[in-house]
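Visitor: Sharing protein-v8.csv below, CSV, C-alpha atoms and all ligand atoms:
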```csv
chain,number,residue,atom,x,y,z
E,1,MET,CA,-11.1,20.8,-32.8
E,2,ARG,CA,-7.3,21.3,-32.5
E,3,ARG,CA,-7.5,24.6,-34.2
E,4,SER,CA,-10.1,25.9,-31.8
E,5,LEU,CA,-7.9,25.0,-28.8
E,6,THR,CA,-5.0,26.9,-30.3
E,7,ASP,CA,-7.3,29.9,-31.0
E,8,TYR,CA,-8.5,29.7,-27.4
E,9,PHE,CA,-5.0,30.0,-26.0
E,10,THR,CA,-4.2,32.8,-28.4
E,11,ARG,CA,-7.2,34.8,-27.2
E,12,ALA,CA,-6.4,34.0,-23.5
E,13,ALA,CA,-2.7,34.9,-23.7
E,14,GLU,CA,-2.9,38.5,-22.4
E,15,SER,CA,-5.0,37.5,-19.3
E,16,TYR,CA,-3.2,34.2,-18.6
E,17,GLU,CA,-0.5,35.5,-16.4
E,18,ARG,CA,-2.9,37.4,-14.1
E,19,TRP,CA,-4.9,34.2,-13.4
E,20,ALA,CA,-2.4,31.4,-13.7
E,21,LEU,CA,-1.1,31.5,-10.1
E,22,PRO,CA,-0.9,27.7,-9.5
E,23,GLN,CA,0.8,27.3,-12.9
E,24,ARG,CA,3.5,29.9,-11.9
E,25,GLU,CA,4.0,28.2,-8.5
E,26,SER,CA,4.3,24.9,-10.3
E,27,ALA,CA,6.9,26.1,-12.7
E,28,ARG,CA,9.0,27.4,-9.8
E,29,ARG,CA,8.8,24.0,-8.1
E,30,LEU,CA,9.6,22.1,-11.3
E,31,VAL,CA,12.7,24.2,-11.9
E,32,ALA,CA,13.8,23.7,-8.2
E,33,PHE,CA,13.4,19.9,-8.7
E,34,VAL,CA,15.2,19.6,-12.0
E,35,ARG,CA,17.7,22.5,-11.8
E,36,PRO,CA,18.3,23.0,-15.5
E,37,TYR,CA,21.2,24.8,-17.0
E,38,GLY,CA,22.5,25.4,-20.5
E,39,LEU,CA,20.2,25.3,-23.5
E,40,THR,CA,16.8,24.3,-22.2
E,41,LEU,CA,13.6,23.7,-24.1
E,42,ASP,CA,10.4,25.1,-22.4
E,43,LEU,CA,7.8,22.8,-24.0
E,44,GLY,CA,4.4,24.3,-24.3
E,45,CYS,CA,6.0,27.4,-23.0
E,46,GLY,CA,2.9,29.6,-22.8
E,47,THR,CA,3.9,33.1,-21.7
E,48,GLY,CA,7.1,31.7,-20.1
E,49,PHE,CA,6.8,30.7,-16.5
E,50,VAL,CA,9.4,27.9,-16.7
E,51,SER,CA,11.8,30.1,-18.6
E,52,GLU,CA,11.4,32.9,-16.0
E,53,ALA,CA,12.2,30.5,-13.1
E,54,ALA,CA,15.1,28.8,-14.9
E,55,VAL,CA,17.6,31.5,-14.2
E,56,ASN,CA,20.7,29.3,-14.9
E,57,ALA,CA,19.4,28.2,-18.3
E,58,LEU,CA,19.3,29.7,-21.8
E,59,PRO,CA,15.6,29.0,-22.6
E,60,VAL,CA,14.0,28.2,-25.9
E,61,GLY,CA,10.2,28.3,-25.9
E,62,LEU,CA,8.0,26.1,-28.0
E,63,ASP,CA,4.2,26.5,-28.3
E,64,ARG,CA,1.5,26.0,-30.9
E,65,SER,CA,-0.3,29.3,-30.0
E,66,GLU,CA,1.0,32.4,-31.7
E,67,GLY,CA,-0.7,34.6,-29.0
E,68,MET,CA,1.2,32.8,-26.2
E,69,LEU,CA,4.5,33.1,-28.2
E,70,ARG,CA,3.9,36.8,-28.7
E,71,VAL,CA,3.8,37.4,-25.0
E,72,TYR,CA,6.7,34.9,-24.4
E,73,ARG,CA,9.0,36.8,-26.9
E,74,ARG,CA,8.6,40.1,-24.9
E,75,ARG,CA,11.0,38.6,-22.4
E,76,PHE,CA,12.7,35.6,-24.1
E,77,PRO,CA,13.9,36.0,-27.7
E,78,LEU,CA,14.2,32.4,-28.6
E,79,ALA,CA,10.8,30.9,-29.5
E,80,VAL,CA,9.5,28.4,-32.0
E,81,ARG,CA,6.0,27.7,-33.1
E,82,GLY,CA,5.4,23.9,-33.1
E,83,GLU,CA,3.7,20.8,-31.8
E,84,LEU,CA,5.0,19.1,-28.7
E,85,GLU,CA,4.2,15.7,-30.3
E,86,ALA,CA,6.5,16.3,-33.3
E,87,LEU,CA,9.4,18.5,-32.3
E,88,PRO,CA,11.3,20.3,-35.1
E,89,PHE,CA,14.7,19.5,-33.5
E,90,LYS,CA,17.5,16.9,-33.8
E,91,GLU,CA,18.3,14.3,-31.2
E,92,LYS,CA,20.0,15.7,-28.1
E,93,SER,CA,19.6,19.3,-29.2
E,94,PHE,CA,19.0,20.6,-25.6
E,95,GLU,CA,20.7,19.9,-22.2
E,96,PHE,CA,17.3,19.9,-20.5
E,97,VAL,CA,13.6,19.7,-21.6
E,98,LEU,CA,11.0,21.0,-19.2
E,99,SER,CA,7.3,21.1,-19.5
E,100,ASN,CA,4.8,22.7,-17.0
E,101,PHE,CA,1.1,22.2,-17.3
E,102,SER,CA,1.3,21.5,-21.1
E,103,LEU,CA,1.6,17.8,-21.9
E,104,HIS,CA,-2.0,17.0,-20.9
E,105,TRP,CA,-3.3,19.3,-23.6
E,106,GLY,CA,-1.9,17.1,-26.3
E,107,ASN,CA,-0.8,13.5,-26.5
E,108,TRP,CA,1.4,13.3,-23.4
E,109,GLU,CA,2.9,9.9,-24.4
E,110,ARG,CA,4.1,11.2,-27.7
E,111,GLY,CA,5.2,14.5,-26.1
E,112,LEU,CA,7.3,12.7,-23.5
E,113,LYS,CA,8.9,10.5,-26.1
E,114,GLU,CA,9.8,13.5,-28.2
E,115,ALA,CA,11.1,15.3,-25.1
E,116,LEU,CA,13.4,12.3,-24.3
E,117,ARG,CA,14.6,12.3,-27.9
E,118,VAL,CA,15.8,15.9,-28.0
E,119,ALA,CA,17.2,16.1,-24.4
E,120,ARG,CA,20.8,15.3,-23.4
E,121,ARG,CA,20.7,15.3,-19.7
E,122,ALA,CA,17.2,15.2,-18.3
E,123,VAL,CA,13.5,15.7,-18.9
E,124,GLY,CA,11.3,17.3,-16.2
E,125,VAL,CA,7.6,17.6,-16.3
E,126,ALA,CA,4.8,18.9,-14.1
E,127,LEU,CA,1.6,17.4,-15.2
E,128,PRO,CA,-1.8,17.8,-13.5
E,129,VAL,CA,-3.3,14.3,-13.1
E,130,GLU,CA,-6.5,12.5,-12.3
E,131,GLY,CA,-7.6,13.3,-8.7
E,132,SER,CA,-7.4,17.1,-9.4
E,133,ARG,CA,-10.4,18.9,-8.1
E,134,THR,CA,-11.7,21.1,-10.8
E,135,PHE,CA,-15.3,21.4,-11.9
E,136,SER,CA,-14.7,20.9,-15.5
E,137,SER,CA,-14.0,17.1,-15.4
E,138,PHE,CA,-11.0,17.6,-17.7
E,139,PRO,CA,-9.6,14.2,-18.7
E,140,PHE,CA,-6.3,14.4,-16.8
E,141,PRO,CA,-4.0,11.4,-17.2
E,142,LYS,CA,-3.6,8.9,-14.4
E,143,ALA,CA,-0.3,9.3,-12.5
E,144,GLU,CA,0.3,5.5,-12.4
E,145,GLU,CA,-0.1,5.2,-16.1
E,146,VAL,CA,2.4,8.0,-16.8
E,147,LEU,CA,4.9,6.4,-14.4
E,148,ARG,CA,4.4,2.9,-15.8
E,149,ARG,CA,5.3,4.2,-19.3
E,150,PHE,CA,8.0,6.6,-18.1
E,151,PRO,CA,9.6,5.7,-14.8
E,152,GLY,CA,11.7,8.2,-13.0
E,153,GLU,CA,12.2,10.2,-9.8
E,154,HIS,CA,8.9,11.7,-8.9
E,155,PHE,CA,6.6,13.2,-6.3
E,156,LEU,CA,2.9,14.2,-6.2
E,157,LEU,CA,1.7,17.5,-4.8
E,158,GLU,CA,-1.7,19.1,-4.4
E,159,LEU,CA,-1.5,22.7,-5.5
E,160,PRO,CA,-4.5,24.9,-4.3
E,161,ILE,CA,-6.4,27.0,-6.7
E,162,PRO,CA,-6.8,30.2,-4.7
E,163,PHE,CA,-10.1,31.4,-6.1
E,164,GLU,CA,-13.8,30.9,-5.3
E,165,GLY,CA,-17.2,31.6,-6.9
E,166,LEU,CA,-17.1,33.7,-10.0
E,167,GLU,CA,-13.4,34.2,-9.7
E,168,LEU,CA,-12.9,30.5,-9.9
E,169,VAL,CA,-14.9,30.4,-13.1
E,170,ARG,CA,-12.7,33.2,-14.5
E,171,PHE,CA,-9.6,31.2,-13.4
E,172,PHE,CA,-10.7,28.1,-15.3
E,173,HIS,CA,-11.7,30.3,-18.3
E,174,TYR,CA,-8.5,32.2,-18.6
E,175,THR,CA,-6.2,29.3,-17.9
E,176,GLY,CA,-7.9,27.0,-20.3
E,177,THR,CA,-9.0,24.3,-17.9
E,178,SER,CA,-12.7,24.8,-18.9
E,179,VAL,CA,-12.1,23.9,-22.5
E,180,TYR,CA,-10.7,20.8,-24.0
E,181,GLU,CA,-11.0,18.9,-27.2
E,182,GLY,CA,-14.2,16.9,-27.5
E,183,LYS,CA,-16.0,18.6,-24.7
E,184,LYS,CA,-17.7,22.0,-24.4
E,185,THR,CA,-17.3,24.5,-21.6
E,186,PRO,CA,-20.1,23.9,-19.0
E,187,SER,CA,-23.1,26.2,-19.7
E,188,VAL,CA,-23.7,29.3,-17.5
E,189,SER,CA,-26.7,27.7,-15.9
E,190,GLU,CA,-24.8,24.6,-15.1
E,191,LEU,CA,-22.0,26.7,-13.5
E,192,LYS,CA,-24.5,28.6,-11.4
E,193,ARG,CA,-26.0,25.4,-10.1
E,194,ARG,CA,-22.6,23.8,-9.3
E,195,LEU,CA,-20.7,26.9,-8.0
E,196,PRO,CA,-22.2,27.4,-4.5
E,197,THR,CA,-21.2,24.0,-3.5
E,198,PHE,CA,-17.8,24.0,-5.2
E,199,LYS,CA,-14.9,24.9,-2.9
E,200,ASP,CA,-11.3,24.0,-2.3
E,201,ALA,CA,-10.3,23.4,-5.9
E,202,PHE,CA,-6.8,22.1,-6.4
E,203,PHE,CA,-4.6,20.4,-9.0
E,204,LYS,CA,-2.9,17.2,-8.2
E,205,VAL,CA,0.4,17.5,-9.9
E,206,LEU,CA,2.9,14.8,-10.8
E,207,TYR,CA,6.5,16.1,-10.9
E,208,LEU,CA,8.7,13.7,-12.8
E,209,LYS,CA,12.4,13.8,-13.6
E,210,ILE,CA,13.9,11.4,-16.1
E,211,GLU,CA,17.7,11.5,-16.2
E,212,LEU,CA,19.5,10.3,-19.4
E,301,LIG,C1,-1.9,25.9,-19.5
E,301,LIG,S1,-0.8,26.5,-20.6
E,301,LIG,C2,0.8,26.3,-19.7
E,301,LIG,C3,1.8,27.2,-20.2
E,301,LIG,C4,3.2,27.3,-19.5
E,301,LIG,N1,3.9,26.1,-19.6
E,301,LIG,C5,3.0,27.7,-18.0
E,301,LIG,O1,3.7,27.1,-17.2
E,301,LIG,O2,2.2,28.6,-17.7
E,301,LIG,C6,-0.7,25.2,-21.9
E,301,LIG,C7,0.2,25.6,-23.1
E,301,LIG,O3,0.4,24.5,-23.9
E,301,LIG,C8,0.2,24.9,-25.3
E,301,LIG,N2,-0.1,23.6,-26.0
E,301,LIG,C9,-1.2,22.9,-25.9
E,301,LIG,N3,-1.1,21.8,-26.8
E,301,LIG,C10,0.1,21.9,-27.4
E,301,LIG,C11,0.7,21.1,-28.4
E,301,LIG,N4,0.2,20.0,-28.9
E,301,LIG,N5,1.9,21.5,-28.9
E,301,LIG,C12,2.5,22.7,-28.4
E,301,LIG,N6,1.9,23.5,-27.5
E,301,LIG,C13,0.7,23.1,-27.0
E,301,LIG,C14,-0.9,25.9,-25.3
E,301,LIG,O4,-0.9,26.7,-26.4
E,301,LIG,C15,-0.6,26.7,-24.0
E,301,LIG,O5,0.3,27.7,-24.2
```
Kindly present the structure from the file in structure tokens form.
Guide:
Amino acid sequence: MRRSLTDYFTRAAESYERWALPQRESARRLVAFVRPYGLTLDLGCGTGFVSEAAVNALPVGLDRSEGMLRVYRRRFPLAVRGELEALPFKEKSFEFVLSNFSLHWGNWERGLKEALRVARRAVGVALPVEGSRTFSSFPFPKAEEVLRRFPGEHFLLELPIPFEGLELVRFFHYTGTSVYEGKKTPSVSELKRRLPTFKDAFFKVLYLKIEL
């Protein structure tokens, strides 16, 4: 299962940036909230939206998908293939650790623990949570549960997904929200049935900063 998710992101890497408009906006907001500088880990970096926004930082990307890392390395030379639940770094290796739209793909609890272990100053995450309006019924975590386990300065924001109809299907396809472990993408006939009534999609995003 895990392997197929990694393969999925590897195939989607080239198209990801064209479609992932809310993710890029979210990365910009996360960086404005946390204001990282110095050596900064971009956890689940994808093609590098956080690294791109973090102009005062020296970014290091980590991702499990070789395809995403290939695109990331075109702009940012420091990149490591790895799992966000078991980071290949020593305690306090980075000034900041930031993660945008990535922790929910894996075990967010273990990912956050690992982020806190390798950060010196602060960890910042942008995490889509339950209450998001996407037709894929992705099992987003509950904001209250994340905050109960990891309290910190935070706010919630609804980020619109600026696509409708077939474009919306493409958005979910190319950004990965239509696939997740343990559940298949909805069938084409199911999508056709649900699409005409599906409007105003958005992600409800939890922005969380934990200072150390
Ligand atoms: C939706 S993309 C977000 C990418 C990027 N952070 C952004 O802002 O656009 C999710 C990324 O998380 C990566 N990912 C998913 N599970 C992971 C894991 N367990 N360890 C490392 N990376 C993971 C995927 O390969 C993908 O690149």
Visitor: Give me, please, the distance in Å between CA of Phe163 (chain E) and CA of Ser137 (chain E), quoted to one decimal.
Guide: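 Distance reported for this atom pair: 17.5 Å.
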Visitor: Write out as a PyMOL selection string the residues lying within 7 Å of region 44-50 of chain E, counting all atoms listed in the file and excluding same-chain residues fewer than 3 positions away.
Guide: chain E and resi 24+27-28+31+53-54+61-63+68-69+71-72+84+99-100+102
Visitor: Quick one: distance from CA of Gly38 (chain E) to CA of Ala20 (chain E) in Å, one decimal?
Guide: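 CA of Ala20 (chain E) lies at a distance of 26.5 Å from CA of Gly38 (chain E).
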Visitor: Grab the CA of Glu164 (chain E) to CA of Pro141 (chain E) distance for me, in Å with one decimal place.
Guide: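 Separating CA of Glu164 (chain E) from CA of Pro141 (chain E) is a distance of 24.9 Å.
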Visitor: Show which residues sit within 12 Å of Phe140 (chain E), as a ChimeraX atom specification. Count only C-alpha atoms, and ignore same-chain residues fewer than 3 positions away.
Guide: /E:101-108,127-134,136-137,143-146,177,180,203-206
Visitor: Residues as selected, C-alpha atoms, written as a PDB file, in the frame of the given file, can you do that?
Guide:
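Output saved as out18.pdb:
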```pdb
ATOM      1  CA  PHE E 101       1.100  22.200 -17.300  1.00  0.00           C
ATOM      2  CA  SER E 102       1.300  21.500 -21.100  1.00  0.00           C
ATOM      3  CA  LEU E 103       1.600  17.800 -21.900  1.00  0.00           C
ATOM      4  CA  HIS E 104      -2.000  17.000 -20.900  1.00  0.00           C
ATOM      5  CA  TRP E 105      -3.300  19.300 -23.600  1.00  0.00           C
ATOM      6  CA  GLY E 106      -1.900  17.100 -26.300  1.00  0.00           C
ATOM      7  CA  ASN E 107      -0.800  13.500 -26.500  1.00  0.00           C
ATOM      8  CA  TRP E 108       1.400  13.300 -23.400  1.00  0.00           C
ATOM      9  CA  LEU E 127       1.600  17.400 -15.200  1.00  0.00           C
ATOM     10  CA  PRO E 128      -1.800  17.800 -13.500  1.00  0.00           C
ATOM     11  CA  VAL E 129      -3.300  14.300 -13.100  1.00  0.00           C
ATOM     12  CA  GLU E 130      -6.500  12.500 -12.300  1.00  0.00           C
ATOM     13  CA  GLY E 131      -7.600  13.300  -8.700  1.00  0.00           C
ATOM     14  CA  SER E 132      -7.400  17.100  -9.400  1.00  0.00           C
ATOM     15  CA  ARG E 133     -10.400  18.900  -8.100  1.00  0.00           C
ATOM     16  CA  THR E 134     -11.700  21.100 -10.800  1.00  0.00           C
ATOM     17  CA  SER E 136     -14.700  20.900 -15.500  1.00  0.00           C
ATOM     18  CA  SER E 137     -14.000  17.100 -15.400  1.00  0.00           C
ATOM     19  CA  ALA E 143      -0.300   9.300 -12.500  1.00  0.00           C
ATOM     20  CA  GLU E 144       0.300   5.500 -12.400  1.00  0.00           C
ATOM     21  CA  GLU E 145      -0.100   5.200 -16.100  1.00  0.00           C
ATOM     22  CA  VAL E 146       2.400   8.000 -16.800  1.00  0.00           C
ATOM     23  CA  THR E 177      -9.000  24.300 -17.900  1.00  0.00           C
ATOM     24  CA  TYR E 180     -10.700  20.800 -24.000  1.00  0.00           C
ATOM     25  CA  PHE E 203      -4.600  20.400  -9.000  1.00  0.00           C
ATOM     26  CA  LYS E 204      -2.900  17.200  -8.200  1.00  0.00           C
ATOM     27  CA  VAL E 205       0.400  17.500  -9.900  1.00  0.00           C
ATOM     28  CA  LEU E 206       2.900  14.800 -10.800  1.00  0.00           C
TER      29      LEU E 206
END
```
Visitor: Let me make sure I understand: among E:Leu41, E:Phe155, E:Gly176, E:Gln23, which one has the smallest atom-to-atom distance to Glu114 (chain E) if we use all atoms listed in the file?
Guide: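 Looking only at the distances to Glu114 (chain E), the closest residue turns out to be E:Leu41.
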Visitor: Using all atoms listed in the file, find the one residue out of E:Arg74, E:Lys199, E:Arg81, E:Arg35 that sits nearest to ligand LIG 301 (chain E).
Guide: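 With all atoms listed in the file as the atom set, the closest residue is E:Arg81.
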